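Participant: Pasting in a structure now, in structure tokens, and then I'll have a few things to ask.
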Amino acid sequence: MLVFLVGTGIFLTLRLGFLQIRTLPYALKLAFSPSKQDKESQGDISHFHALMTALAATIGTGNIAGVATAVFTGGPGAVFWMWVTAFFGMATKYGEAILAVKYRVVDEKGEMAGGPMYYIERGLKLKWLAMAFAFFGAFASFGIGNMTQTNSVAQAVEGTFGISPIITGIVLSILTGAVILGGIKSIGRVTGFVVPFMAIFYVLGGLAIIVMNLDKLGPAISLILTDAFTGEAVAGGALGTVIRYGVARGVFSNEAGLGSAPIAAAAAKTDHPGRQALVSMTGTFLDTIVVCSITGIVLAMAGLYTGEVSGAALTIASFDAFLPGAGKYIVTIGLMFFAYSTVLGWSYYGEKCFQYLFSRKAVVYYRYAFVIFAFIGCTLQLNLVWDIADTLNGAMAIPNLIGLLGLSGVIASETKDFIALRRREIEAEQSGRQLSS
């Protein structure tokens with residue numbers, strides 16, 4: 001499964017000519033700079049809100065608990081393999097989004113509906129495979145996008161503040177229901193505020209630790225790079241274990257290839273599929289290359305991964321080792337916001353899959369069930385929750401990757417068309433500047 005995921009990313013990277021390197025600066029500018037076409041183009045939400053909804057779903061416990069699990073099980077070298085996964089995953093995320101916008105439809109309420117189920121059905125003409133993705137996606141939303149998130153919050157809150165998981169579950173369920181019942185526009189507004197705040201809060205906390213302990217930064221990065229190819233930090237020097245957990249947790253964190261993020265991309269206001277695809281691509285960069293790196297480097301600097309503590313508790317202990325008293329609050333509060341936003345983002349993904357399988361009228365039942373499972377997740381055993389999430393991730397990825405490979409020609413064609421459009425735009429801008437001067 002992991003070879004299939006990363007292999008698809010490598011294939012698309014080569015076919016698109018390493019597009020993720022060439023276009024990243026423009027993609028970041030596009031994501032965070034409001035443009036005229038955001039208002040004039042067809043869609044439900046802006047580029048920014050579509051990215052924030054997707055980031056809400058991807059920046060979650062994988063960035064804190066997932067990275068810690070990878071380092072604990074596979075050693076610091078796992079962080080390097082997370083970077084590799086993210087690099088090729090950017091091409092995958094780009095491909096997913098370009099297809100999602102190209103093949104999206106307008107539902108009976110006048111809202112956009114898109115994602116792998118639509119491009120598999122309308123592009124590949126494989127209705128049964130589209131339904132398989134929607135089925136796995138609808139149920140995966142209860143695992144990766146719900147129970148793993150609330151479970152990690154409940155464990156962290158109980159460890160830091162001594163609050164019962166039952167109370168945490170009740171609060172999270174109420175807060176979740178208050179937002180998702182309003183649909184994508186409500187989710188977009190909330191994530192547009194929460195995601196930048198939570199990411200900056202956590203990243204600044206991690207950067208403060210790194211800056212205050214610069215003497216440990218070089219050895220930590222050196223350890224990550226050497227362990228990535230030796231596996232010495234793992235019992236028995238199991239290099240395969242390092243790669244497996246690095247790739248697995250990288251995929252869990254940035255979700256490239258799973259087919260989840262393109263569902264949010266399809267709702268974006270955009271004049272060309274390629275424009276939103278570039279914006280979506282930045283999500284993988286921000287999630288793994290930026291946020292996960294902060295966690296991984298601090299874990300390597302602290303060196304506590306050889307003990308018995310794993311998951312979010314390991315990240316909390318590592319931050320607290322450098323910032324006694326404050327560190328655990330940075331991680332716990334960050335985890336609370338990360339997980340809550342992920343629950344919101346994934347509620348939309350699961351809702352659209354549920355809508356595809358049944359009908360728009362069935363969505364309300366899904367929303368109520370989703371809120372109930374947010375509570376249930378707080379009370380389950382951690383290992384069971386993560387196993388369910390990994391299994392369902394793999395199940396939904398298979399139809400999506402088949403769709404990406406089968407429609408790779410469409411991705412390349414749309415990309416070529418967009419590059420030509422960008423050249424004309426750049427030429428027009430240059431002509432305008434010359435006339436004004």
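Each chain in the structure tokens gets a letter, A, B, ..., in the order shown, and its residues are numbered from 1; ligands are numbered from 1 in order too.
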Run DSSP on the backbone and grab whatever in range 199-238 of chain A lands in helix (DSSP H, G or I); send it over as a PyMOL selection string.

Facilitator: chain A and resi 199-212+214-230

Participant: Generate a file of the selected residues that holds C-alpha atoms, formatted as a CSV table (one decimal), in the first residue's frame.

Facilitator:
chain,number,residue,atom,x,y,z
A,199,ALA,CA,-0.5,26.4,13.3
A,200,ILE,CA,1.3,29.7,14.2
A,201,PHE,CA,0.8,29.0,18.0
A,202,TYR,CA,2.3,25.5,17.8
A,203,VAL,CA,5.1,26.4,15.3
A,204,LEU,CA,6.2,29.4,17.3
A,205,GLY,CA,6.4,27.2,20.4
A,206,GLY,CA,8.5,24.7,18.6
A,207,LEU,CA,10.7,27.4,17.0
A,208,ALA,CA,11.3,28.9,20.4
A,209,ILE,CA,12.7,25.6,21.7
A,210,ILE,CA,14.9,25.2,18.6
A,211,VAL,CA,16.3,28.8,18.8
A,212,MET,CA,16.9,28.5,22.5
A,214,LEU,CA,20.6,25.9,18.7
A,215,ASP,CA,23.6,23.8,19.9
A,216,LYS,CA,21.3,20.7,19.7
A,217,LEU,CA,19.8,21.5,16.3
A,218,GLY,CA,22.8,20.3,14.2
A,219,PRO,CA,23.2,17.0,16.0
A,220,ALA,CA,19.4,16.4,15.8
A,221,ILE,CA,19.2,16.9,12.0
A,222,SER,CA,22.4,14.8,11.6
A,223,LEU,CA,20.7,12.0,13.6
A,224,ILE,CA,17.6,12.2,11.5
A,225,LEU,CA,19.6,12.0,8.3
A,226,THR,CA,22.0,9.2,9.3
A,227,ASP,CA,19.3,7.1,11.1
A,228,ALA,CA,17.1,7.3,7.9
A,229,PHE,CA,19.6,5.0,6.1
A,230,THR,CA,20.9,2.9,9.0

Participant: Quick one: residues within 12 Å of Gly345 in chain A, only C-alpha atoms, excluding same-chain residues fewer than 3 positions away - as a tab-separated table (two decimals) with C-alpha atoms, in the first residue's frame?

Facilitator:
chain	number	residue	atom	x	y	z
A	49	HIS	CA	-11.07	28.74	2.86
A	50	ALA	CA	-10.80	25.61	0.71
A	51	LEU	CA	-7.13	25.30	1.71
A	52	MET	CA	-7.95	25.96	5.36
A	53	THR	CA	-10.69	23.31	5.31
A	54	ALA	CA	-8.24	20.82	3.80
A	55	LEU	CA	-5.49	21.87	6.23
A	56	ALA	CA	-7.97	21.61	9.08
A	57	ALA	CA	-8.41	17.97	8.15
A	58	THR	CA	-4.69	17.28	7.61
A	59	ILE	CA	-3.01	19.26	10.42
A	60	GLY	CA	-4.20	17.09	13.27
A	141	SER	CA	-14.21	9.78	8.35
A	142	PHE	CA	-15.29	8.19	11.62
A	144	ILE	CA	-8.97	9.07	10.81
A	145	GLY	CA	-11.08	12.21	10.92
A	146	ASN	CA	-12.94	11.69	14.14
A	149	GLN	CA	-8.50	12.94	16.85
A	176	THR	CA	-18.48	19.84	16.61
A	179	VAL	CA	-20.30	24.01	13.41
A	180	ILE	CA	-20.93	21.08	11.06
A	183	GLY	CA	-22.41	23.02	6.23
A	184	ILE	CA	-19.28	23.92	4.25
A	185	LYS	CA	-19.62	27.71	4.53
A	186	SER	CA	-19.81	27.45	8.32
A	187	ILE	CA	-16.88	25.01	8.38
A	188	GLY	CA	-14.86	27.28	6.06
A	189	ARG	CA	-15.40	30.34	8.28
A	190	VAL	CA	-14.38	28.52	11.46
A	191	THR	CA	-11.35	26.76	9.97
A	192	GLY	CA	-10.28	30.01	8.28
A	194	VAL	CA	-8.76	28.34	13.77
A	195	VAL	CA	-6.18	26.82	11.38
A	260	SER	CA	-9.83	13.28	1.09
A	261	ALA	CA	-8.47	16.78	0.35
A	262	PRO	CA	-9.84	16.99	-3.23
A	263	ILE	CA	-13.35	16.89	-1.77
A	264	ALA	CA	-12.67	20.30	-0.19
A	265	ALA	CA	-10.82	21.53	-3.30
A	338	PHE	CA	-5.47	20.55	15.69
A	339	ALA	CA	-7.81	17.69	16.47
A	340	TYR	CA	-10.94	19.83	16.61
A	341	SER	CA	-10.24	21.39	13.23
A	342	THR	CA	-9.52	17.95	11.75
A	348	TYR	CA	-17.33	17.52	5.29
A	349	TYR	CA	-15.39	14.77	3.52
A	350	GLY	CA	-17.51	12.03	5.01
A	351	GLU	CA	-20.68	14.00	4.38
A	352	LYS	CA	-19.96	14.30	0.65
A	370	PHE	CA	-20.55	11.95	13.35

Participant: Point out the residue among A:Gly283, A:Glu425, A:Ala266, A:Ile411 with the least atom-to-atom distance to Val106 in chain A, counting only C-alpha atoms.

Facilitator: A:Ala266

Participant: Please report, as a ChimeraX atom specification, each residue of range 106-284 of chain A to which DSSP assigns strand (DSSP E or B) when run on this structure's backbone.

Facilitator: /A:106,112-113,268

Participant: Let's have the selection written as a PDB file, in the first residue's frame, with C-alpha atoms.

Facilitator:
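What follows is the written file result-v7.pdb:
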ATOM      1  CA  VAL A 106     -23.615  21.138  -8.686  1.00  0.00           C
ATOM      2  CA  MET A 112     -20.460  22.011  -5.361  1.00  0.00           C
ATOM      3  CA  ALA A 113     -19.883  18.292  -4.978  1.00  0.00           C
ATOM      4  CA  ALA A 268     -13.392  26.275  -4.174  1.00  0.00           C
TER       5      ALA A 268
END

Participant: Quick check, in Å to one decimal: how far apart do CA of Ala326 in chain A and CA of Ile289 in chain A lie?

Facilitator: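 Atom-to-atom, CA of Ala326 in chain A to CA of Ile289 in chain A, that is 24.7 Å.
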
Participant: List the spatial neighbours of Ile166 in chain A as a PDB file with C-alpha atoms, in the first residue's frame - criterion: any atom at most 9 Å away, only C-alpha atoms, same-chain residues fewer than 4 positions off excluded.

Facilitator:
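This is the output file part.pdb:
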ATOM      1  CA  ALA A 154      -8.922  13.085  25.598  1.00  0.00           C
ATOM      2  CA  ILE A 170     -19.138  15.804  25.695  1.00  0.00           C
ATOM      3  CA  VAL A 171     -17.494  19.200  25.084  1.00  0.00           C
ATOM      4  CA  PHE A 375     -17.736  11.265  21.939  1.00  0.00           C
ATOM      5  CA  ILE A 376     -17.152   7.518  21.491  1.00  0.00           C
ATOM      6  CA  CYS A 378     -12.669   9.718  23.584  1.00  0.00           C
ATOM      7  CA  THR A 379     -13.423   6.495  25.484  1.00  0.00           C
TER       8      THR A 379
END

Participant: To one decimal in Å, tell me the separation between CA of Thr270 in chain A and CA of Phe32 in chain A.

Facilitator: 14.2 Å

Participant: Rank A:Met117, A:Thr73, A:Val290, A:Asn151 by their smallest atom-to-atom distance to Ser164 in chain A, using only C-alpha atoms, and report the top residue only.

Facilitator: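 Selected residue with least distance to Ser164 in chain A: A:Asn151.
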
Participant: Have a look at A:Leu16, A:Ala97, A:Val71, A:Val309 and name the one nearest to Val279 in chain A; count only C-alpha atoms.

Facilitator: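 Among A:Leu16, A:Ala97, A:Val71, A:Val309, it is A:Ala97 that comes nearest to Val279 in chain A.
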
Participant: Measuring between only C-alpha atoms, which one of A:Phe48, A:Val6, A:Phe354, A:Pro273 shows the shortest distance to Ala248 in chain A?

Facilitator: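 Smallest separation from Ala248 in chain A among the options: A:Val6.
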